[in-house]
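Undergrad: My structure file target26.cif, mmCIF, C-alpha atoms, is below:
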```cif
data_query
loop_
_atom_site.label_atom_id
_atom_site.label_comp_id
_atom_site.auth_asym_id
_atom_site.auth_seq_id
_atom_site.Cartn_x
_atom_site.Cartn_y
_atom_site.Cartn_z
CA MET A 16 -4.44 39.40 10.40
CA LYS A 17 -4.29 36.10 12.24
CA ALA A 18 -0.79 34.62 12.49
CA TYR A 19 -0.11 31.23 10.98
CA ASP A 20 -1.11 28.31 13.21
CA CYS A 21 1.78 26.34 11.74
CA ASP A 22 4.15 26.29 8.81
CA VAL A 23 3.00 22.98 7.29
CA LEU A 24 -0.35 21.24 7.64
CA VAL A 25 -0.27 17.53 6.80
CA VAL A 26 -3.69 16.04 6.00
CA GLY A 27 -3.70 12.34 6.87
CA GLY A 28 -2.22 10.42 9.79
CA GLY A 29 -1.30 7.17 8.05
CA ILE A 30 2.28 6.00 7.74
CA VAL A 31 3.03 8.32 4.78
CA GLY A 32 1.65 11.44 6.47
CA LEU A 33 3.43 10.70 9.73
CA SER A 34 6.69 9.89 7.93
CA THR A 35 6.39 13.23 6.14
CA ALA A 36 5.90 15.10 9.43
CA TYR A 37 8.87 13.23 10.92
CA ALA A 38 11.04 14.01 7.89
CA ILE A 39 10.18 17.73 7.97
CA THR A 40 11.13 18.00 11.65
CA ARG A 41 14.46 16.30 10.92
CA ALA A 42 15.30 18.22 7.74
CA ALA A 43 14.28 21.65 9.07
CA PRO A 44 14.21 21.74 12.88
CA GLY A 45 11.94 24.48 14.14
CA THR A 46 9.48 24.15 11.27
CA ARG A 47 6.03 24.06 12.84
CA VAL A 48 4.17 20.98 11.62
CA MET A 49 0.60 19.92 12.34
CA VAL A 50 -0.92 16.61 11.24
CA LEU A 51 -4.72 16.43 10.91
CA GLU A 52 -6.21 12.91 11.05
CA LYS A 53 -9.95 12.35 10.90
CA GLU A 54 -9.84 9.10 12.89
CA PRO A 55 -9.31 8.82 16.68
CA GLY A 56 -5.81 7.40 16.21
CA PRO A 57 -3.04 6.91 13.63
CA ALA A 58 -2.79 4.37 10.82
CA LEU A 59 -6.37 3.06 10.97
CA HIS A 60 -6.89 2.57 7.22
CA GLN A 61 -4.40 1.33 4.58
CA THR A 62 -1.49 1.25 7.03
CA GLY A 63 -3.36 -0.63 9.71
CA HIS A 64 -4.99 -3.15 7.38
CA ASN A 65 -2.04 -4.35 5.33
CA SER A 66 -0.15 -7.64 5.60
CA GLY A 67 3.00 -6.18 7.16
CA VAL A 68 5.27 -7.28 4.31
CA ILE A 69 8.52 -5.37 3.78
CA HIS A 70 8.74 -5.49 -0.02
CA SER A 71 12.12 -5.89 -1.71
CA GLY A 72 11.34 -3.80 -4.81
CA ILE A 73 11.86 -6.65 -7.29
CA TYR A 74 8.56 -6.13 -9.14
CA TYR A 75 8.93 -2.48 -10.05
CA ARG A 76 10.26 -0.90 -13.23
CA PRO A 77 13.96 -0.02 -12.86
CA GLY A 78 14.39 3.69 -12.25
CA SER A 79 10.79 4.19 -11.10
CA LEU A 80 10.01 5.82 -7.77
CA LYS A 81 8.54 2.51 -6.56
CA ALA A 82 11.73 0.64 -7.38
CA ARG A 83 14.11 3.20 -5.88
CA PHE A 84 12.05 3.94 -2.79
CA ALA A 85 11.14 0.31 -2.06
CA VAL A 86 14.74 -0.92 -2.26
CA ARG A 87 15.96 1.94 -0.09
CA GLY A 88 12.91 1.84 2.16
CA ALA A 89 13.16 -1.90 2.88
CA ALA A 90 16.67 -1.52 4.27
CA GLU A 91 15.70 1.60 6.22
CA MET A 92 12.56 -0.02 7.63
CA VAL A 93 14.54 -2.96 9.03
CA LYS A 94 17.04 -0.54 10.56
CA PHE A 95 14.27 1.71 11.96
CA CYS A 96 12.53 -1.24 13.61
CA ALA A 97 15.80 -2.46 15.11
CA GLU A 98 16.68 1.01 16.41
CA TYR A 99 13.34 1.48 18.15
CA GLY A 100 12.69 -2.08 19.26
CA LEU A 101 9.71 -2.65 16.97
CA PRO A 102 8.64 -6.13 15.79
CA CYS A 103 10.44 -7.05 12.58
CA GLU A 104 11.81 -10.18 10.94
CA VAL A 105 13.75 -10.57 7.69
CA THR A 106 12.35 -13.85 6.40
CA GLY A 107 13.12 -13.77 2.70
CA LYS A 108 10.50 -14.86 0.19
CA LEU A 109 9.94 -17.18 -2.73
CA ILE A 110 8.34 -16.18 -6.03
CA VAL A 111 7.17 -19.47 -7.50
CA ALA A 112 6.24 -20.46 -11.05
CA THR A 113 3.61 -23.19 -11.09
CA GLU A 114 3.08 -23.33 -14.89
CA HIS A 115 5.54 -23.50 -17.79
CA ALA A 116 4.08 -20.30 -19.25
CA GLU A 117 5.23 -18.43 -16.12
CA LEU A 118 8.91 -19.40 -16.42
CA PRO A 119 9.85 -16.62 -18.90
CA ARG A 120 8.21 -14.05 -16.59
CA LEU A 121 10.11 -15.54 -13.65
CA HIS A 122 13.42 -15.18 -15.50
CA ALA A 123 12.49 -11.60 -16.42
CA LEU A 124 11.97 -10.90 -12.70
CA VAL A 125 15.48 -12.17 -12.00
CA GLN A 126 16.85 -9.63 -14.46
CA ARG A 127 14.65 -6.86 -13.06
CA GLY A 128 15.76 -7.66 -9.52
CA ARG A 129 19.41 -7.43 -10.52
CA GLU A 130 18.80 -4.12 -12.32
CA ASN A 131 17.24 -2.83 -9.11
CA GLY A 132 20.24 -3.96 -7.08
CA ILE A 133 18.42 -6.79 -5.29
CA PRO A 134 20.26 -10.08 -4.62
CA VAL A 135 18.22 -12.99 -5.99
CA ARG A 136 18.81 -16.72 -6.23
CA GLU A 137 17.18 -18.95 -8.85
CA LEU A 138 15.85 -22.27 -7.59
CA GLY A 139 14.77 -25.53 -9.18
CA PRO A 140 11.85 -27.61 -7.91
CA ALA A 141 13.93 -29.57 -5.39
CA GLN A 142 15.51 -26.41 -3.98
CA ILE A 143 12.09 -24.86 -3.30
CA ALA A 144 11.56 -27.50 -0.62
CA GLU A 145 14.71 -26.35 1.21
CA TYR A 146 12.90 -23.10 2.01
CA GLU A 147 9.24 -24.19 1.96
CA PRO A 148 8.78 -27.97 2.26
CA HIS A 149 5.04 -27.84 1.51
CA VAL A 150 5.21 -25.52 -1.51
CA ARG A 151 5.38 -26.91 -5.05
CA GLY A 152 6.54 -25.25 -8.27
CA LEU A 153 8.50 -25.64 -11.49
CA GLY A 154 10.99 -22.98 -10.49
CA ALA A 155 11.36 -20.10 -8.09
CA ILE A 156 13.33 -17.04 -7.06
CA HIS A 157 14.51 -16.53 -3.51
CA VAL A 158 14.66 -12.87 -2.47
CA GLY A 159 16.52 -12.50 0.80
CA THR A 160 15.78 -8.84 1.61
CA THR A 161 12.04 -9.27 2.22
CA GLY A 162 10.47 -9.59 5.66
CA VAL A 163 7.57 -8.59 7.86
CA CYS A 164 6.94 -5.95 10.51
CA ASP A 165 4.10 -4.14 12.26
CA TYR A 166 3.42 -0.98 10.26
CA GLY A 167 0.88 0.24 12.79
CA ALA A 168 3.63 0.21 15.42
CA VAL A 169 5.97 1.98 12.99
CA ALA A 170 3.38 4.70 12.37
CA ARG A 171 2.81 5.20 16.08
CA ARG A 172 6.55 5.55 16.65
CA LEU A 173 6.85 8.05 13.79
CA ALA A 174 4.03 10.09 15.37
CA GLY A 175 5.84 10.04 18.70
CA LEU A 176 9.17 11.06 17.16
CA ALA A 177 7.54 13.90 15.23
CA GLU A 178 5.79 15.13 18.39
CA ASP A 179 9.05 14.89 20.35
CA ALA A 180 10.54 17.23 17.73
CA GLY A 181 7.72 19.75 18.18
CA ALA A 182 5.10 18.61 15.65
CA ARG A 183 1.45 18.38 16.69
CA VAL A 184 -0.70 15.42 15.71
CA ARG A 185 -4.43 16.02 16.07
CA TYR A 186 -6.94 13.20 15.85
CA GLY A 187 -10.67 13.52 15.18
CA ALA A 188 -9.85 16.45 12.88
CA ARG A 189 -11.63 15.78 9.59
CA VAL A 190 -10.83 18.39 6.93
CA GLU A 191 -14.00 19.76 5.31
CA ALA A 192 -12.82 22.85 3.43
CA ILE A 193 -9.51 24.15 2.07
CA GLY A 194 -8.85 27.60 0.69
CA ARG A 195 -5.97 29.83 -0.32
CA ARG A 196 -5.87 33.26 1.24
CA GLY A 197 -2.99 35.19 -0.23
CA PRO A 198 0.19 33.29 0.58
CA ALA A 199 -1.59 31.21 3.21
CA VAL A 200 -3.55 27.98 3.09
CA ALA A 201 -6.63 27.87 5.31
CA VAL A 202 -8.35 24.66 6.42
CA ARG A 203 -11.68 24.24 8.17
CA THR A 204 -12.24 21.06 10.17
CA ALA A 205 -15.50 19.30 10.98
CA ARG A 206 -15.39 20.97 14.39
CA GLY A 207 -15.61 24.36 12.72
CA GLU A 208 -12.03 25.28 13.56
CA VAL A 209 -10.07 27.25 10.95
CA LEU A 210 -6.34 26.70 10.76
CA ARG A 211 -3.86 28.71 8.70
CA ALA A 212 -0.53 27.43 7.39
CA ARG A 213 2.14 28.45 4.93
CA ALA A 214 1.83 25.13 3.08
CA LEU A 215 -0.32 22.00 2.96
CA VAL A 216 0.60 18.38 2.29
CA ASN A 217 -2.15 16.01 1.17
CA CYS A 218 -1.43 12.47 2.43
CA ALA A 219 -5.08 11.46 2.64
CA GLY A 220 -4.69 8.04 1.02
CA LEU A 221 -8.14 6.72 0.12
CA HIS A 222 -9.39 10.33 0.00
CA SER A 223 -6.36 12.00 -1.62
CA ASP A 224 -8.17 12.95 -4.83
CA ALA A 225 -11.10 14.39 -2.87
CA VAL A 226 -8.74 16.48 -0.73
CA ALA A 227 -7.01 17.77 -3.88
CA ARG A 228 -10.38 18.85 -5.27
CA LEU A 229 -11.26 20.51 -1.95
CA ALA A 230 -8.08 22.52 -2.40
CA GLY A 231 -9.18 23.62 -5.88
CA ASP A 232 -6.69 21.42 -7.73
CA ASP A 233 -7.62 18.96 -10.48
CA PRO A 234 -5.90 15.69 -9.53
CA GLY A 235 -6.29 14.30 -13.05
CA MET A 236 -7.16 10.87 -11.60
CA ARG A 237 -9.65 9.18 -9.33
CA ILE A 238 -9.08 6.86 -6.40
CA ILE A 239 -10.91 3.59 -7.02
CA PRO A 240 -10.98 1.44 -3.87
CA PHE A 241 -10.23 -2.28 -4.18
CA ARG A 242 -10.93 -4.55 -1.23
CA GLY A 243 -8.24 -7.14 -0.55
CA GLU A 244 -9.90 -10.20 0.99
CA TYR A 245 -7.86 -12.68 3.04
CA TRP A 246 -8.22 -16.05 4.66
CA GLU A 247 -6.00 -17.31 7.44
CA LEU A 248 -4.62 -20.79 8.02
CA ALA A 249 -6.09 -22.45 11.09
CA PRO A 250 -3.43 -22.36 13.84
CA ALA A 251 -2.97 -26.14 13.71
CA ARG A 252 -2.00 -25.83 10.02
CA ALA A 253 0.18 -22.71 10.23
CA ASP A 254 3.32 -24.86 9.99
CA LEU A 255 2.55 -25.40 6.29
CA VAL A 256 4.20 -22.03 5.57
CA ARG A 257 7.53 -20.83 6.94
CA GLY A 258 7.77 -17.36 5.44
CA LEU A 259 6.50 -15.53 2.35
CA VAL A 260 5.48 -17.25 -0.88
CA TYR A 261 4.22 -15.40 -3.97
CA PRO A 262 3.08 -16.46 -7.43
CA VAL A 263 4.62 -14.94 -10.56
CA PRO A 264 2.62 -11.72 -11.02
CA ASP A 265 0.63 -10.80 -14.10
CA PRO A 266 2.37 -7.68 -15.47
CA ALA A 267 -0.92 -6.39 -16.87
CA PHE A 268 -2.40 -5.89 -13.41
CA PRO A 269 -0.96 -4.17 -10.30
CA PHE A 270 -2.04 -6.85 -7.83
CA LEU A 271 0.33 -9.68 -6.90
CA GLY A 272 -2.15 -12.55 -6.84
CA VAL A 273 -3.02 -14.95 -4.03
CA HIS A 274 0.08 -15.36 -1.89
CA LEU A 275 1.10 -16.82 1.47
CA THR A 276 2.27 -14.53 4.27
CA ARG A 277 3.51 -15.55 7.70
CA GLY A 278 3.00 -12.35 9.67
CA ILE A 279 4.99 -10.95 12.55
CA ASP A 280 2.49 -12.60 14.95
CA GLY A 281 3.12 -16.06 13.44
CA GLY A 282 -0.27 -16.31 11.75
CA VAL A 283 -0.37 -17.22 8.06
CA HIS A 284 -2.60 -15.18 5.76
CA ILE A 285 -3.57 -16.33 2.28
CA GLY A 286 -4.76 -13.78 -0.26
CA PRO A 287 -5.78 -11.29 -1.24
CA ASN A 288 -8.57 -11.25 -3.72
CA ALA A 289 -8.82 -7.80 -5.26
CA VAL A 290 -12.45 -6.81 -5.82
CA PRO A 291 -14.00 -3.35 -6.21
CA ALA A 292 -15.09 -1.98 -2.85
CA LEU A 293 -18.49 -0.29 -2.59
CA ALA A 294 -17.06 2.46 -0.37
CA ARG A 295 -13.65 4.01 0.04
CA GLU A 296 -13.46 2.44 3.47
CA GLY A 297 -15.42 -0.64 2.40
CA TYR A 298 -13.68 -3.31 4.45
CA GLY A 299 -16.81 -5.48 4.45
CA ARG A 300 -19.06 -6.56 1.58
CA ALA A 301 -22.04 -4.94 3.31
CA THR A 302 -20.33 -1.54 3.60
CA VAL A 303 -21.88 0.68 0.93
CA ARG A 304 -21.68 4.45 0.66
CA PRO A 305 -24.07 5.37 -2.16
CA GLY A 306 -22.43 8.72 -2.94
CA GLU A 307 -18.95 7.23 -3.22
CA LEU A 308 -20.22 4.27 -5.23
CA ALA A 309 -22.10 6.56 -7.61
CA ALA A 310 -18.98 8.66 -8.16
CA THR A 311 -16.96 5.52 -8.94
CA VAL A 312 -19.59 4.22 -11.38
CA ALA A 313 -19.89 7.62 -13.10
CA TYR A 314 -16.12 7.93 -13.62
CA PRO A 315 -15.16 7.06 -17.23
CA GLY A 316 -11.94 5.41 -16.08
CA SER A 317 -13.94 2.80 -14.16
CA TRP A 318 -15.71 1.65 -17.32
CA HIS A 319 -12.53 1.64 -19.40
CA LEU A 320 -10.81 -0.40 -16.68
CA ALA A 321 -13.71 -2.87 -16.48
CA ARG A 322 -13.73 -3.41 -20.26
CA ARG A 323 -9.97 -3.90 -20.35
CA HIS A 324 -9.72 -6.31 -17.40
CA TRP A 325 -13.16 -7.92 -17.14
CA ARG A 326 -11.80 -11.45 -17.49
CA TYR A 327 -9.24 -10.95 -14.72
CA GLY A 328 -11.84 -9.21 -12.57
CA ALA A 329 -14.35 -12.02 -13.05
CA GLY A 330 -11.81 -14.46 -11.62
CA GLU A 331 -11.29 -12.23 -8.60
CA VAL A 332 -15.04 -11.97 -7.98
CA ARG A 333 -15.43 -15.75 -8.34
CA ARG A 334 -12.77 -16.34 -5.68
CA SER A 335 -14.44 -13.73 -3.50
CA LEU A 336 -17.80 -15.46 -3.64
CA SER A 337 -16.58 -19.07 -3.53
CA LYS A 338 -14.35 -20.46 -0.80
CA ARG A 339 -13.83 -23.52 -2.99
CA ALA A 340 -12.53 -21.36 -5.86
CA PHE A 341 -10.26 -19.46 -3.50
CA THR A 342 -8.89 -22.74 -2.10
CA GLU A 343 -8.13 -23.91 -5.65
CA ALA A 344 -6.05 -20.78 -6.21
CA ALA A 345 -4.16 -21.31 -2.94
CA ARG A 346 -3.53 -24.97 -3.82
CA ARG A 347 -1.49 -23.91 -6.85
CA LEU A 348 1.26 -22.95 -4.41
CA LEU A 349 0.28 -25.05 -1.40
CA PRO A 350 -1.23 -28.36 -2.59
CA GLU A 351 -1.92 -29.67 0.91
CA VAL A 352 -4.26 -26.85 1.93
CA THR A 353 -7.98 -27.61 2.09
CA ALA A 354 -11.05 -25.43 2.52
CA ASP A 355 -11.34 -26.69 6.08
CA ASP A 356 -7.90 -25.23 6.84
CA LEU A 357 -9.04 -21.68 6.03
CA ILE A 358 -10.72 -19.27 8.42
CA PRO A 359 -11.86 -15.72 7.52
CA ALA A 360 -9.41 -12.89 8.15
CA PRO A 361 -9.84 -9.08 8.09
CA ALA A 362 -9.77 -7.34 4.72
CA GLY A 363 -7.88 -4.28 3.59
CA VAL A 364 -8.65 -1.61 0.99
CA ARG A 365 -6.13 -0.45 -1.63
CA ALA A 366 -6.38 3.15 -2.83
CA GLN A 367 -5.61 2.76 -6.54
CA ALA A 368 -5.34 5.86 -8.72
CA ILE A 369 -6.92 5.45 -12.16
CA LEU A 370 -6.78 7.90 -15.06
CA ARG A 371 -9.84 8.88 -17.11
CA ASP A 372 -8.84 6.46 -19.88
CA GLY A 373 -8.81 3.53 -17.43
CA THR A 374 -5.03 3.37 -17.06
CA LEU A 375 -3.90 2.22 -13.64
CA VAL A 376 -1.32 4.66 -12.28
CA ASP A 377 1.69 2.38 -11.93
CA ASP A 378 4.10 4.52 -9.93
CA PHE A 379 3.91 6.71 -6.86
CA LEU A 380 2.37 10.02 -7.93
CA PHE A 381 3.14 13.42 -6.42
CA THR A 382 1.81 16.72 -7.77
CA GLU A 383 2.37 20.30 -6.65
CA SER A 384 0.50 23.58 -6.83
CA PRO A 385 1.23 26.89 -5.06
CA GLY A 386 1.58 26.13 -1.36
CA MET A 387 0.58 22.47 -1.74
CA VAL A 388 2.00 19.01 -2.33
CA HIS A 389 -0.42 16.17 -3.11
CA VAL A 390 0.46 12.49 -2.68
CA LEU A 391 -2.07 11.05 -5.13
CA ASN A 392 -0.97 7.44 -5.59
CA ALA A 393 0.75 5.62 -2.75
CA PRO A 394 -0.55 2.05 -2.53
CA SER A 395 1.73 -0.92 -1.83
CA PRO A 396 4.73 -0.73 -1.44
CA ALA A 397 4.16 2.68 0.16
CA ALA A 398 4.44 1.32 3.72
CA THR A 399 7.80 -0.27 2.88
CA ALA A 400 8.89 2.93 1.15
CA SER A 401 7.38 5.32 3.72
CA LEU A 402 10.66 6.71 5.05
CA PRO A 403 12.04 7.75 1.63
CA ILE A 404 8.58 8.92 0.55
CA GLY A 405 8.40 11.12 3.63
CA ARG A 406 11.78 12.65 2.82
CA GLU A 407 10.75 13.28 -0.80
CA VAL A 408 7.53 15.01 0.20
CA ALA A 409 9.37 16.99 2.88
CA ARG A 410 11.93 18.12 0.29
CA ARG A 411 9.19 19.33 -2.01
CA VAL A 412 7.22 21.24 0.60
CA LEU A 413 10.30 22.80 2.18
CA ALA A 414 11.54 23.92 -1.26
CA GLY A 415 8.20 25.66 -1.71
CA LEU A 416 8.59 27.43 1.61
CA GLY A 417 12.01 28.69 0.52
#
```
Using structure tokens, write down the structure that the file contains.
TA:
Amino acid sequence: MKAYDCDVLVVGGGIVGLSTAYAITRAAPGTRVMVLEKEPGPALHQTGHNSGVIHSGIYYRPGSLKARFAVRGAAEMVKFCAEYGLPCEVTGKLIVATEHAELPRLHALVQRGRENGIPVRELGPAQIAEYEPHVRGLGAIHVGTTGVCDYGAVARRLAGLAEDAGARVRYGARVEAIGRRGPAVAVRTARGEVLRARALVNCAGLHSDAVARLAGDDPGMRIIPFRGEYWELAPARADLVRGLVYPVPDPAFPFLGVHLTRGIDGGVHIGPNAVPALAREGYGRATVRPGELAATVAYPGSWHLARRHWRYGAGEVRRSLSKRAFTEAARRLLPEVTADDLIPAPAGVRAQAILRDGTLVDDFLFTESPGMVHVLNAPSPAATASLPIGREVARRVLAGLG
């Protein structure tokens, strides 16, 4: 019988998969870890297309994995970047109410932040200008623990650290079949190579449900891809925004609304719109994968979600199709911005897990089966929380190995 090629196979070389590999090598030195990534390099999907924001954890339900891991992860991410000389800046952010109806939700966020152990400061209209002179609102919260970094650089460093500790990271290794053979897990890649391991970790992000099904497990959910569309302030107008500015979020929907983000490179992004993508990696409107689109349309949860949130979704589509409508949304926070100030910026895709009844999975979601751990829902703030997520997944897989 062929010996194991490794102890743990990690499917997916984004920031969560690489953090998991890094955490395993630290928690159990000598454990043989192999990461399989279908792309030619690390962090080329959700990790490499996000805004770089280090989230504080203020939005998430107290006691939830998102709340605990984001609060812990934000502090650890700043420390990690400092330790390894990676770009990072703690800028703080404002959450701004622009309508009277939003003020109760703003005050509720203050309470939630305090329950999550996050220092917050309430601001009146005049105090907003102390932080963001060009932003207008009826009230705001200042959250000092938020910042920006380069998550692609973080992922590359995690890959290097894992490899230094003996892990192997293999690119261009798309997983096409997974099987259990006795106590072993066997994987076949697109190259026809068969690899055997004692355990498998599914960190496949946009394809996590598909990988779970390949492994013979029912994930109980479906990844529905949402494209996040951004505009960028023209360089001559970038001084309109100093840091991070967010609207008060709608608690009925997981997206944070059109916000203002000064990135680590000094550019200011405005967005995103959240519209259904026509492919799991549908970063452009013209990117359509008929098989993936058909599976999304056939999934009952998609129809339940559409019926429940059609009005919200119609607004997102309108802003996607109309630069004027998008500019109107941005002007709620930044009255001086005009359509001429906005230039197109690259989009991202959020892997959102949805249940059959149309419920959006609100928290990080991990499931286990013999020899396997599946990370089934890890959208934002997963990059912020990637170090604690990696440790949690490592704990689970190592416990299974005994």
Undergrad: Using all atoms listed in the file, can you list as a PyMOL selection string the residues within 8 Å of (-4.5, 4.3, 0.2)?
TA: chain A and resi 60-61+219-222+364-367+392-394
Undergrad: Run the PyMOL selection byres ((chain A and resi 345-354) around 12) against the file shown and list the residues it catches, as a PyMOL selection string.
TA: chain A and resi 109-114+143-144+147-155+245-249+251-257+259-263+272-276+284-288+334+337-344+355-359
Undergrad: With the cut-off set at 9 Å and counting only C-alpha atoms, tabulate each residue of range 162-249 of chain A with an atom at most that distance from an atom of range 80-103 of chain A, showing the nearest atom pair and its distance in Å to one decimal, ordered by chain and increasing number, as a Markdown table.
TA:
```
| residue | atom | partner | partner_atom | distance |
| --- | --- | --- | --- | --- |
| A:Gly162 | CA | A:Cys103 | CA | 7.4 |
| A:Val163 | CA | A:Cys103 | CA | 5.7 |
| A:Cys164 | CA | A:Cys103 | CA | 4.2 |
| A:Asp165 | CA | A:Pro102 | CA | 6.1 |
| A:Ala168 | CA | A:Leu101 | CA | 6.9 |
| A:Val169 | CA | A:Leu101 | CA | 7.2 |
| A:Arg172 | CA | A:Tyr99 | CA | 8.1 |
```
Undergrad: Could you give me, as a ChimeraX atom specification, the residues that have an atom at most 12 Å away from the point (-10.2, 21.9, -1.3) in the coordinates of the file, using only C-alpha atoms?
TA: /A:26,190-195,200-204,215-217,222-234,387,389
Undergrad: Name the closest residue to Gly405 in chain A among the candidates A:Cys218, A:Val209, A:Leu124, A:Leu336; distances are taken between atoms, counting all atoms listed in the file.
TA: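 Answer, going by the shortest atom-to-atom distance: A:Cys218.
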Undergrad: How would you write, as a list in words, the residues chosen by the PyMOL selection byres ((chain A and resi 319) around 10) on this structure?
TA: Tyr314, Pro315, Gly316, Ser317, Trp318, Leu320, Ala321, Arg322, Arg323, His324, Trp325, Ile369, Leu370, Arg371, Asp372, Gly373 and Thr374 of chain A
Undergrad: Pick from A:Thr40, A:Gln142, A:Ser66, A:Thr46: nearest to Glu244 in chain A, with all atoms listed in the file counted?
TA: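 Comparing A:Thr40, A:Gln142, A:Ser66, A:Thr46 against Glu244 in chain A, the winner is A:Ser66.
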Undergrad: Of the residues A:Val303, A:Ala188, A:Ala362, A:Ala400, which is the one nearest to Ser335 in chain A, using all atoms listed in the file?
TA: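 Selected residue with least distance to Ser335 in chain A: A:Ala362.
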Undergrad: Which of these residues is nearest to Gly132 in chain A, using only C-alpha atoms: A:His157, A:Gly45, A:Pro361, A:Ser71?
TA: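 Once distances to Gly132 in chain A are computed over only C-alpha atoms, the minimum belongs to A:Ser71.
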Undergrad: Run the PyMOL selection byres ((chain A and resi 36) around 10) mentally over the shown coordinates, then write out the matched residues as a count of residues only, using the chain letters and numbers from the document.
TA: 34
Undergrad: Missing atoms in range 78-83 of chain A: fill them in up to all heavy atoms and send the result as a short mmCIF file (atom, residue, chain, number, x, y, z; two decimals), keeping the file's coordinate frame.
TA:
```cif
data_model
loop_
_atom_site.label_atom_id
_atom_site.label_comp_id
_atom_site.auth_asym_id
_atom_site.auth_seq_id
_atom_site.Cartn_x
_atom_site.Cartn_y
_atom_site.Cartn_z
N GLY A 78 14.38 2.23 -12.14
CA GLY A 78 14.39 3.69 -12.25
C GLY A 78 13.13 4.36 -11.76
O GLY A 78 13.12 5.58 -11.56
N SER A 79 12.04 3.61 -11.58
CA SER A 79 10.79 4.19 -11.10
C SER A 79 10.92 4.59 -9.63
O SER A 79 11.80 4.10 -8.91
CB SER A 79 9.63 3.21 -11.27
OG SER A 79 9.83 2.07 -10.45
N LEU A 80 10.02 5.45 -9.18
CA LEU A 80 10.01 5.82 -7.77
C LEU A 80 9.74 4.59 -6.90
O LEU A 80 10.37 4.41 -5.86
CB LEU A 80 8.94 6.88 -7.50
CG LEU A 80 9.19 8.27 -8.10
CD1 LEU A 80 7.98 9.16 -7.88
CD2 LEU A 80 10.43 8.90 -7.50
N LYS A 81 8.82 3.72 -7.34
CA LYS A 81 8.54 2.51 -6.56
C LYS A 81 9.79 1.66 -6.39
O LYS A 81 10.06 1.16 -5.28
CB LYS A 81 7.43 1.69 -7.22
CG LYS A 81 6.02 2.17 -6.93
CD LYS A 81 5.00 1.16 -7.45
CE LYS A 81 3.58 1.57 -7.08
NZ LYS A 81 2.59 0.58 -7.57
N ALA A 82 10.53 1.47 -7.46
CA ALA A 82 11.73 0.64 -7.38
C ALA A 82 12.77 1.28 -6.45
O ALA A 82 13.29 0.62 -5.54
CB ALA A 82 12.32 0.42 -8.77
N ARG A 83 13.05 2.54 -6.68
CA ARG A 83 14.11 3.20 -5.88
C ARG A 83 13.72 3.32 -4.42
O ARG A 83 14.52 3.04 -3.52
CB ARG A 83 14.42 4.58 -6.47
CG ARG A 83 15.10 4.51 -7.83
CD ARG A 83 15.58 5.85 -8.30
NE ARG A 83 14.50 6.72 -8.72
CZ ARG A 83 14.20 7.89 -8.16
NH1 ARG A 83 14.90 8.33 -7.12
NH2 ARG A 83 13.21 8.63 -8.62
#
```
